[in-house]
$ cat work.cif   # mmCIF, C-alpha atoms
data_my_file
#
loop_
_atom_site.label_atom_id
_atom_site.label_comp_id
_atom_site.auth_asym_id
_atom_site.auth_seq_id
_atom_site.Cartn_x
_atom_site.Cartn_y
_atom_site.Cartn_z
CA ALA A 21 -5.74 9.56 1.02
CA ALA A 22 -6.94 7.58 -1.96
CA VAL A 23 -6.29 7.41 -5.66
CA THR A 24 -8.68 6.46 -8.42
CA THR A 25 -8.10 6.35 -12.14
CA GLY A 26 -6.60 9.77 -12.66
CA TYR A 27 -7.37 11.53 -9.34
CA LEU A 28 -6.06 11.84 -5.78
CA TYR A 29 -8.58 12.36 -2.95
CA VAL A 30 -7.81 13.45 0.61
CA LEU A 31 -10.69 12.92 3.05
CA GLU A 32 -11.40 13.64 6.71
CA THR A 33 -12.04 10.27 8.33
CA THR A 34 -14.92 11.12 10.68
CA ALA A 35 -17.38 12.57 8.17
CA GLY A 36 -15.61 11.63 4.94
CA ALA A 37 -15.47 15.28 3.81
CA ARG A 38 -12.96 16.18 1.13
CA ILE A 39 -10.16 18.40 2.42
CA TYR A 40 -9.84 20.00 -1.02
CA ASP A 41 -10.86 19.30 -4.60
CA PRO A 42 -9.54 16.08 -6.19
CA ILE A 43 -6.08 16.45 -7.72
CA GLU A 44 -5.71 15.23 -11.27
CA ILE A 45 -2.69 12.98 -11.70
CA PRO A 46 -1.07 12.26 -15.08
CA TYR A 47 -0.67 8.52 -14.71
CA GLY A 48 -3.81 7.34 -16.51
CA ASN A 49 -5.08 3.81 -15.96
CA ASN A 50 -1.86 2.21 -14.78
CA HIS A 51 -3.17 1.23 -11.30
CA PRO A 52 -1.96 4.21 -9.23
CA THR A 53 -1.00 3.76 -5.58
CA VAL A 54 -0.79 6.22 -2.70
CA THR A 55 0.88 6.62 0.69
CA ILE A 56 1.26 9.37 3.32
CA SER A 57 4.40 10.23 5.27
CA SER A 58 4.73 11.38 8.88
CA LEU A 59 5.89 14.72 7.45
CA GLY A 60 2.54 15.35 5.81
CA VAL A 61 3.54 14.39 2.29
CA VAL A 62 1.33 12.33 -0.03
CA ALA A 63 3.09 10.19 -2.65
CA VAL A 64 1.20 8.96 -5.73
CA THR A 65 2.75 6.40 -8.05
CA SER A 66 2.05 4.63 -11.32
CA GLY A 67 4.24 3.20 -14.03
CA SER A 68 7.73 4.41 -13.07
CA GLY A 69 6.64 7.82 -11.77
CA VAL A 70 6.36 9.20 -8.23
CA ARG A 71 4.72 12.54 -7.44
CA GLN A 72 4.83 13.99 -3.89
CA TYR A 73 2.19 16.49 -2.72
CA ASP A 74 1.77 18.61 0.38
CA LEU A 75 -1.06 16.93 2.32
CA ALA A 76 -2.40 20.18 3.77
CA THR A 77 -2.60 22.15 0.53
CA GLY A 78 -2.41 19.63 -2.32
CA ALA A 79 0.56 21.51 -3.83
CA LEU A 80 3.02 19.44 -5.89
CA ILE A 81 6.40 19.20 -4.13
CA THR A 82 8.51 16.89 -6.31
CA GLU A 83 8.17 14.53 -9.25
CA PHE A 84 10.55 11.66 -9.97
CA ASP A 85 10.78 9.38 -12.99
CA LEU A 86 12.36 6.21 -11.61
CA GLY A 87 12.49 4.53 -15.01
CA SER A 88 16.27 4.07 -14.78
CA TYR A 89 15.67 1.82 -11.75
CA VAL A 90 12.11 0.50 -12.01
CA TYR A 91 10.33 -1.31 -14.83
CA THR A 92 6.81 -1.33 -13.33
CA LEU A 93 6.30 0.27 -9.91
CA ASN A 94 3.42 -1.45 -8.07
CA ASP A 95 3.31 0.10 -4.58
CA ILE A 96 5.07 2.47 -2.19
CA CYS A 97 5.48 3.18 1.54
CA TYR A 98 7.39 5.76 3.58
CA SER A 99 9.93 5.15 6.33
CA PRO A 100 8.73 6.35 9.76
CA ASP A 101 10.73 9.60 9.53
CA GLY A 102 9.44 10.31 6.01
CA LYS A 103 12.98 10.66 4.63
CA GLN A 104 12.89 7.51 2.50
CA PHE A 105 10.29 5.60 0.54
CA ALA A 106 10.32 1.95 -0.45
CA THR A 107 8.77 0.49 -3.61
CA VAL A 108 7.98 -2.92 -5.06
CA GLU A 109 8.00 -3.83 -8.73
CA THR A 110 7.60 -6.40 -11.42
CA ASP A 111 10.84 -6.57 -13.39
CA GLY A 112 9.56 -7.14 -16.91
CA THR A 113 13.11 -7.18 -18.29
CA THR A 114 13.76 -10.69 -16.91
CA VAL A 115 12.26 -14.01 -18.01
CA ASN A 116 10.85 -14.74 -14.54
CA ASN A 117 9.50 -11.18 -13.99
CA TYR A 118 11.20 -11.06 -10.60
CA GLY A 119 9.82 -8.93 -7.78
CA ASN A 120 12.31 -6.45 -6.27
CA ILE A 121 12.20 -4.07 -3.31
CA ARG A 122 13.93 -0.69 -3.68
CA PHE A 123 14.57 2.12 -1.20
CA PHE A 124 14.91 5.76 -2.32
CA ASP A 125 15.83 9.08 -0.77
CA ALA A 126 12.53 11.00 -0.64
CA THR A 127 14.21 14.34 -1.36
CA THR A 128 16.49 13.37 -4.25
CA GLY A 129 14.89 10.23 -5.69
CA VAL A 130 18.26 8.41 -5.53
CA GLN A 131 18.17 4.67 -4.81
CA THR A 132 19.70 3.75 -1.44
CA MET A 133 19.14 -0.03 -1.23
CA LEU A 134 17.96 -2.89 -3.45
CA ILE A 135 16.57 -6.28 -2.40
CA GLU A 136 16.56 -8.40 -5.56
CA LYS A 137 14.56 -11.41 -6.71
CA VAL A 138 12.19 -11.69 -3.75
CA CYS A 139 9.84 -13.86 -5.82
CA VAL A 140 8.92 -14.67 -9.42
CA ASP A 141 6.12 -12.88 -11.29
CA GLY A 142 6.62 -9.68 -9.33
CA LEU A 143 5.64 -8.03 -6.07
CA ARG A 144 2.28 -6.25 -5.83
CA SER A 145 2.27 -4.47 -2.45
CA ILE A 146 4.53 -3.22 0.35
CA GLY A 147 4.19 -1.89 3.89
CA CYS A 148 6.78 -0.14 6.10
CA SER A 149 6.54 -0.81 9.85
CA PRO A 150 6.12 2.35 11.97
CA ASP A 151 8.98 1.28 14.27
CA GLY A 152 11.35 1.27 11.27
CA ALA A 153 12.35 -2.36 11.76
CA PHE A 154 10.65 -4.09 8.80
CA VAL A 155 9.21 -3.88 5.35
CA ALA A 156 6.62 -6.45 4.29
CA ALA A 157 6.10 -7.25 0.62
CA ALA A 158 3.43 -9.44 -0.97
CA PRO A 159 3.42 -11.14 -4.40
CA ALA A 160 1.49 -10.46 -7.56
CA SER A 161 0.70 -14.06 -8.54
CA SER A 162 -0.51 -17.37 -7.13
CA ILE A 163 2.95 -18.94 -7.54
CA ASP A 164 3.98 -17.44 -4.18
CA VAL A 165 1.34 -16.37 -1.66
CA SER A 166 3.72 -15.56 1.20
CA VAL A 167 4.14 -12.16 2.82
CA HIS A 168 7.91 -11.57 2.85
CA LEU A 169 9.23 -9.76 5.92
CA TYR A 170 12.63 -8.01 5.60
CA ASN A 171 14.92 -6.05 7.89
CA ALA A 172 14.52 -2.44 6.73
CA THR A 173 18.14 -1.56 7.57
CA SER A 174 20.12 -4.54 6.30
CA GLY A 175 17.72 -5.90 3.70
CA ALA A 176 17.97 -9.40 5.20
CA LEU A 177 14.97 -11.74 5.08
CA VAL A 178 13.52 -12.11 8.58
CA ARG A 179 10.65 -14.53 7.94
CA GLN A 180 7.83 -15.41 5.58
CA LEU A 181 4.19 -15.53 6.61
CA THR A 182 3.48 -18.73 4.71
CA ASP A 183 0.38 -20.09 6.44
CA LEU A 184 -1.88 -18.31 3.97
CA THR A 185 -4.16 -21.20 3.01
CA GLY A 186 -6.78 -20.27 0.46
CA LEU A 187 -5.11 -17.13 -0.86
CA ASN A 188 -5.21 -16.68 -4.62
CA GLY A 189 -2.14 -14.52 -5.16
CA ASP A 190 -2.18 -10.94 -6.45
CA MET A 191 -2.08 -9.49 -2.94
CA ARG A 192 -2.83 -5.86 -3.73
CA CYS A 193 -2.32 -4.28 -0.32
CA THR A 194 -0.06 -4.77 2.68
CA ALA A 195 0.11 -2.60 5.81
CA PHE A 196 1.43 -2.61 9.39
CA SER A 197 -0.44 -1.58 12.51
CA ALA A 198 0.77 1.55 14.32
CA ASP A 199 2.48 -0.57 17.00
CA SER A 200 4.15 -2.72 14.29
CA GLN A 201 2.81 -5.89 15.92
CA ASN A 202 0.33 -6.86 13.19
CA VAL A 203 0.30 -6.82 9.39
CA ILE A 204 -2.64 -7.04 6.99
CA SER A 205 -2.79 -8.10 3.36
CA GLY A 206 -5.55 -8.68 0.83
CA GLY A 207 -6.27 -8.94 -2.86
CA ALA A 208 -7.67 -11.44 -5.34
CA SER A 209 -8.48 -13.91 -2.56
CA ARG A 210 -11.36 -11.55 -1.62
CA GLU A 211 -10.26 -11.70 2.01
CA LEU A 212 -8.45 -9.24 4.24
CA ARG A 213 -6.23 -11.18 6.61
CA GLN A 214 -4.46 -9.82 9.68
CA TYR A 215 -1.40 -11.61 11.10
CA ASP A 216 0.76 -11.37 14.18
CA VAL A 217 4.22 -10.26 12.98
CA ALA A 218 6.17 -12.12 15.65
CA THR A 219 4.42 -15.49 15.33
CA GLY A 220 2.80 -15.41 11.89
CA THR A 221 -0.53 -16.55 13.32
CA LEU A 222 -3.84 -15.40 11.85
CA VAL A 223 -5.56 -12.77 14.03
CA THR A 224 -8.67 -11.84 12.02
CA GLU A 225 -10.14 -12.59 8.60
CA THR A 226 -12.69 -10.34 6.87
CA LEU A 227 -14.51 -11.21 3.65
CA SER A 228 -15.03 -8.58 0.97
CA THR A 229 -18.47 -7.37 -0.10
CA GLY A 230 -20.09 -9.60 -2.69
CA GLY A 231 -16.89 -11.34 -3.70
CA ALA A 232 -15.02 -8.17 -4.65
CA TRP A 233 -11.23 -8.04 -4.79
CA ILE A 234 -9.50 -6.13 -1.99
CA GLN A 235 -7.70 -3.17 -3.57
CA GLY A 236 -6.22 -1.14 -0.71
CA CYS A 237 -5.86 -1.39 3.06
CA SER A 238 -4.51 0.68 5.93
CA TYR A 239 -4.56 0.91 9.74
CA SER A 240 -5.66 4.04 11.56
CA HIS A 241 -3.01 5.77 13.71
CA SER A 242 -4.53 4.14 16.81
CA SER A 243 -4.52 0.66 15.17
CA ASN A 244 -8.14 0.26 16.31
CA THR A 245 -9.59 0.65 12.80
CA ILE A 246 -8.67 -0.83 9.44
CA ALA A 247 -9.80 0.87 6.23
CA PHE A 248 -9.96 -0.98 2.93
CA THR A 249 -11.34 -0.60 -0.56
CA GLU A 250 -12.79 -3.10 -3.01
CA ASP A 251 -12.78 -3.16 -6.80
CA THR A 252 -16.57 -3.03 -7.23
CA GLU A 253 -17.51 -0.89 -4.23
CA HIS A 254 -17.14 2.90 -4.53
CA ALA A 255 -16.54 3.47 -0.83
CA VAL A 256 -13.97 2.98 1.92
CA ARG A 257 -15.01 0.25 4.34
CA LEU A 258 -14.02 0.59 8.01
CA ILE A 259 -13.67 -2.44 10.29
CA ASP A 260 -12.71 -3.04 13.91
CA ALA A 261 -9.12 -4.34 13.95
CA SER A 262 -9.68 -6.69 16.88
CA THR A 263 -12.86 -8.35 15.59
CA GLY A 264 -12.92 -7.78 11.83
CA ARG A 265 -16.49 -6.46 12.07
CA THR A 266 -17.62 -3.55 9.89
CA THR A 267 -17.96 -0.27 11.82
CA GLY A 268 -18.75 2.13 8.97
CA THR A 269 -18.08 3.32 5.43
CA ILE A 270 -16.85 6.50 3.79
CA ALA A 271 -18.79 6.90 0.56
CA ASP A 272 -17.25 8.49 -2.52
CA PRO A 273 -19.58 10.16 -5.03
CA THR A 274 -17.46 9.28 -8.07
CA SER A 275 -17.96 6.15 -10.13
CA SER A 276 -14.23 5.43 -10.30
CA THR A 277 -12.57 2.32 -8.91
CA GLN A 278 -10.55 3.16 -5.80
CA TYR A 279 -7.19 1.44 -6.03
CA GLN A 280 -5.56 2.42 -2.73
CA VAL A 281 -6.40 3.89 0.65
CA LYS A 282 -4.02 5.17 3.36
CA PHE A 283 -4.40 6.89 6.71
CA LYS A 284 -2.10 9.75 7.63
CA PRO A 285 0.07 8.74 10.63
CA SER A 286 -1.17 10.33 13.88
CA ALA A 287 -3.94 12.40 12.28
CA PRO A 288 -7.62 11.97 11.30
CA PHE A 289 -7.20 12.04 7.52
CA VAL A 290 -7.46 9.29 4.96
CA SER A 291 -6.35 9.37 1.33
CA LEU A 292 -7.91 7.33 -1.44
CA GLY A 293 -6.35 6.07 -4.61
#

$ encode --input "work.cif" --output "structure tokens"
Amino acid sequence: AAVTTGYLYVLETTAGARIYDPIEIPYGNNHPTVTISSLGVVAVTSGSGVRQYDLATGALITEFDLGSYVYTLNDICYSPDGKQFATVETDGTTVNNYGNIRFFDATTGVQTMLIEKVCVDGLRSIGCSPDGAFVAAAPASSIDVSVHLYNATSGALVRQLTDLTGLNGDMRCTAFSADSQNVISGGASRELRQYDVATGTLVTETLSTGGAWIQGCSYSHSSNTIAFTEDTEHAVRLIDASTGRTTGTIADPTSSTQYQVKFKPSAPFVSLG
């Protein structure tokens, strides 16, 4: 699934065919994000709003305004069972614009856990590990270029992937592989970097096309393929996860910037946003 400025797209990954017509979303230009649950639900976010759609039909299921909790919601991921979602934010109500991680019940929209003040100047992206053990959050500025790894149950900090030499902050996407052993992140550095979760070592590094910013990234359900989008390229780029080499693209006929891209767990669909 993917979101652009104002629309949600759900595509079949082999041929790139649209599953149904694009869904108009009411969040305007506020950098929407998208994720897909194991239950076949697509969540689209922007500002402080979260809308959940049925992946198969595109029908709206629920809509939450999280404004009582969140100042600016920057990204979202689902727990493996699809019953919770986690978000990252920039808290514009504080002097340091702290980045917080929040967990919500996916049915009620009620907050279930808060991890406060992860870093200054906000958090840009988040990924939930498929084994349910971790969430990984990445910053929105060059002050802190570490990927922060937390225990998804207790909220305790596990480790930081700090050997990120050359990154330029504003890490716009973070995602785990299906086996939860690797994590990827990319953004303003114009590089997509893949790390070993246990050791923090760099596995692969892929440059963007023509110096474009990385906007969204996701592993396929087999972990063999990584999909990512760039701010000046109107297509989804597919690379081999073990080598970082390009294996294909999924072109989109619109002229909109694609902000996010996510695979559906265990199924051959990809959403753009």

$ residues_around --input "work.cif" --residues "Tyr215 in chain A" --least-positions-apart "6" --cutoff "12 Å" --atoms "all atoms listed in the file" --output "number ranges by chain"
A: 156, 166-167, 169, 180-184, 194-197, 200-206, 221-225, 261-262

$ closest_atom_pairs --input "work.cif" --of "range 157-265 of chain A" --to "range 136-144 of chain A" --cutoff "12 Å" --atoms "all atoms listed in the file" --output "tab-separated table"
residue	atom	partner	partner_atom	distance
A:Ala157	CA	A:Leu143	CA	6.8
A:Ala158	CA	A:Leu143	CA	5.7
A:Pro159	CA	A:Leu143	CA	4.2
A:Ala160	CA	A:Arg144	CA	4.6
A:Ser161	CA	A:Asp141	CA	6.2
A:Ser162	CA	A:Asp141	CA	9.0
A:Ile163	CA	A:Val140	CA	7.6
A:Asp164	CA	A:Cys139	CA	7.1
A:Val165	CA	A:Cys139	CA	9.8
A:Ser166	CA	A:Cys139	CA	9.5
A:Val167	CA	A:Leu143	CA	9.9
A:His168	CA	A:Val138	CA	7.9
A:Leu169	CA	A:Val138	CA	10.3
A:Tyr170	CA	A:Val138	CA	10.1
A:Gly175	CA	A:Glu136	CA	9.7
A:Ala176	CA	A:Val138	CA	10.9
A:Leu177	CA	A:Val138	CA	9.3
A:Gln180	CA	A:Val138	CA	10.9
A:Gly189	CA	A:Arg144	CA	9.4
A:Asp190	CA	A:Arg144	CA	6.5
A:Met191	CA	A:Arg144	CA	6.2
A:Arg192	CA	A:Arg144	CA	5.5
A:Cys193	CA	A:Arg144	CA	7.4
A:Thr194	CA	A:Arg144	CA	8.9
A:Ser205	CA	A:Arg144	CA	10.7
A:Gly206	CA	A:Arg144	CA	10.6
A:Gly207	CA	A:Arg144	CA	9.4
A:Ala208	CA	A:Arg144	CA	11.2
A:Gln235	CA	A:Arg144	CA	10.7
A:Gly236	CA	A:Arg144	CA	11.2

$ axis_aligned_box --input "work.cif" --around "range 136-145 of chain A" --padding-each-side "6 Å" --output "AutoDock Vina command-line options"
--center_x 9.4 --center_y -9.6 --center_z -6.9 --size_x 26.3 --size_y 22.2 --size_z 20.8

$ residues_around --input "work.cif" --residues "Asp95 in chain A" --least-positions-apart "6" --cutoff "8 Å" --atoms "all atoms listed in the file" --output "list in words"
Thr53, Val54, Thr65, Thr107, Val108, Glu109, Arg144, Ser145 and Ile146 of chain A

$ atom_distance --input "work.cif" --atom1 "CA of Ala153 in chain A" --atom2 "CA of Asp199 in chain A"
11.3 Å

$ resolve_selection --input "work.cif" --expression "the PyMOL selection byres ((chain A and resi 63) around 10)" --output "PyMOL selection string"
chain A and resi 21+28+53-57+60-62+64-65+70-75+80-83+96-98+105+126

$ closest_residue --input "work.cif" --among "A:Thr226, A:Thr269, A:Ser174, A:Gln104" --to "Thr127 in chain A" --atoms "all atoms listed in the file"
A:Gln104

$ atom_distance --input "work.cif" --atom1 "CA of Val256 in chain A" --atom2 "CA of Ala218 in chain A"
28.7 Å

$ residues_near_point --input "work.cif" --point "(19.0, 0.1, -0.7)" --cutoff "9 Å" --atoms "all atoms listed in the file" --output "PyMOL selection string"
chain A and resi 106+121-124+131-135+173-175

$ build_atoms --input "work.cif" --residues "range 172-183 of chain A" --atoms "all heavy atoms" --output "tab-separated table (two decimals), keeping the file's coordinate frame"
chain	number	residue	atom	x	y	z
A	172	ALA	N	14.52	-3.67	7.52
A	172	ALA	CA	14.52	-2.44	6.73
A	172	ALA	C	15.89	-1.77	6.68
A	172	ALA	O	16.12	-0.91	5.82
A	172	ALA	CB	13.49	-1.46	7.28
A	173	THR	N	16.80	-2.15	7.56
A	173	THR	CA	18.14	-1.56	7.57
A	173	THR	C	19.12	-2.37	6.75
A	173	THR	O	19.86	-1.83	5.91
A	173	THR	CB	18.65	-1.42	9.01
A	173	THR	OG1	17.76	-0.61	9.77
A	173	THR	CG2	20.04	-0.77	9.03
A	174	SER	N	19.14	-3.68	6.97
A	174	SER	CA	20.12	-4.54	6.30
A	174	SER	C	19.62	-5.15	5.01
A	174	SER	O	20.41	-5.57	4.16
A	174	SER	CB	20.55	-5.66	7.25
A	174	SER	OG	19.47	-6.55	7.49
A	175	GLY	N	18.29	-5.25	4.87
A	175	GLY	CA	17.72	-5.90	3.70
A	175	GLY	C	17.67	-7.42	3.83
A	175	GLY	O	17.33	-8.12	2.87
A	176	ALA	N	17.98	-7.95	5.00
A	176	ALA	CA	17.97	-9.40	5.20
A	176	ALA	C	16.55	-9.91	5.41
A	176	ALA	O	15.72	-9.25	6.05
A	176	ALA	CB	18.82	-9.76	6.42
A	177	LEU	N	16.28	-11.11	4.88
A	177	LEU	CA	14.97	-11.74	5.08
A	177	LEU	C	14.84	-12.17	6.53
A	177	LEU	O	15.70	-12.87	7.07
A	177	LEU	CB	14.83	-12.96	4.16
A	177	LEU	CG	13.51	-13.74	4.28
A	177	LEU	CD1	12.33	-12.89	3.84
A	177	LEU	CD2	13.59	-15.03	3.44
A	178	VAL	N	13.77	-11.76	7.19
A	178	VAL	CA	13.52	-12.11	8.58
A	178	VAL	C	12.66	-13.36	8.67
A	178	VAL	O	12.98	-14.32	9.36
A	178	VAL	CB	12.84	-10.94	9.33
A	178	VAL	CG1	12.52	-11.32	10.77
A	178	VAL	CG2	13.72	-9.70	9.28
A	179	ARG	N	11.52	-13.37	7.97
A	179	ARG	CA	10.65	-14.53	7.94
A	179	ARG	C	9.62	-14.35	6.83
A	179	ARG	O	9.44	-13.27	6.30
A	179	ARG	CB	9.94	-14.76	9.28
A	179	ARG	CG	8.93	-13.71	9.67
A	179	ARG	CD	8.30	-14.00	11.02
A	179	ARG	NE	9.30	-14.04	12.08
A	179	ARG	CZ	9.70	-12.96	12.76
A	179	ARG	NH1	9.18	-11.78	12.47
A	179	ARG	NH2	10.59	-13.05	13.69
A	180	GLN	N	8.94	-15.45	6.51
A	180	GLN	CA	7.83	-15.41	5.58
A	180	GLN	C	6.56	-15.86	6.30
A	180	GLN	O	6.58	-16.84	7.04
A	180	GLN	CB	8.08	-16.30	4.37
A	180	GLN	CG	9.18	-15.80	3.45
A	180	GLN	CD	9.44	-16.75	2.31
A	180	GLN	OE1	10.53	-17.30	2.19
A	180	GLN	NE2	8.43	-16.95	1.47
A	181	LEU	N	5.48	-15.11	6.09
A	181	LEU	CA	4.19	-15.53	6.61
A	181	LEU	C	3.59	-16.46	5.56
A	181	LEU	O	2.97	-16.03	4.58
A	181	LEU	CB	3.28	-14.32	6.85
A	181	LEU	CG	3.84	-13.26	7.79
A	181	LEU	CD1	2.86	-12.11	7.91
A	181	LEU	CD2	4.14	-13.84	9.16
A	182	THR	N	3.81	-17.76	5.76
A	182	THR	CA	3.48	-18.73	4.71
A	182	THR	C	2.18	-19.48	4.96
A	182	THR	O	1.71	-20.19	4.09
A	182	THR	CB	4.62	-19.77	4.58
A	182	THR	OG1	4.86	-20.38	5.85
A	182	THR	CG2	5.90	-19.10	4.11
A	183	ASP	N	1.63	-19.36	6.14
A	183	ASP	CA	0.38	-20.09	6.44
A	183	ASP	C	-0.81	-19.28	5.92
A	183	ASP	O	-1.62	-18.77	6.68
A	183	ASP	CB	0.26	-20.32	7.94
A	183	ASP	CG	-0.95	-21.20	8.26
A	183	ASP	OD1	-1.45	-21.86	7.34
A	183	ASP	OD2	-1.38	-21.21	9.43
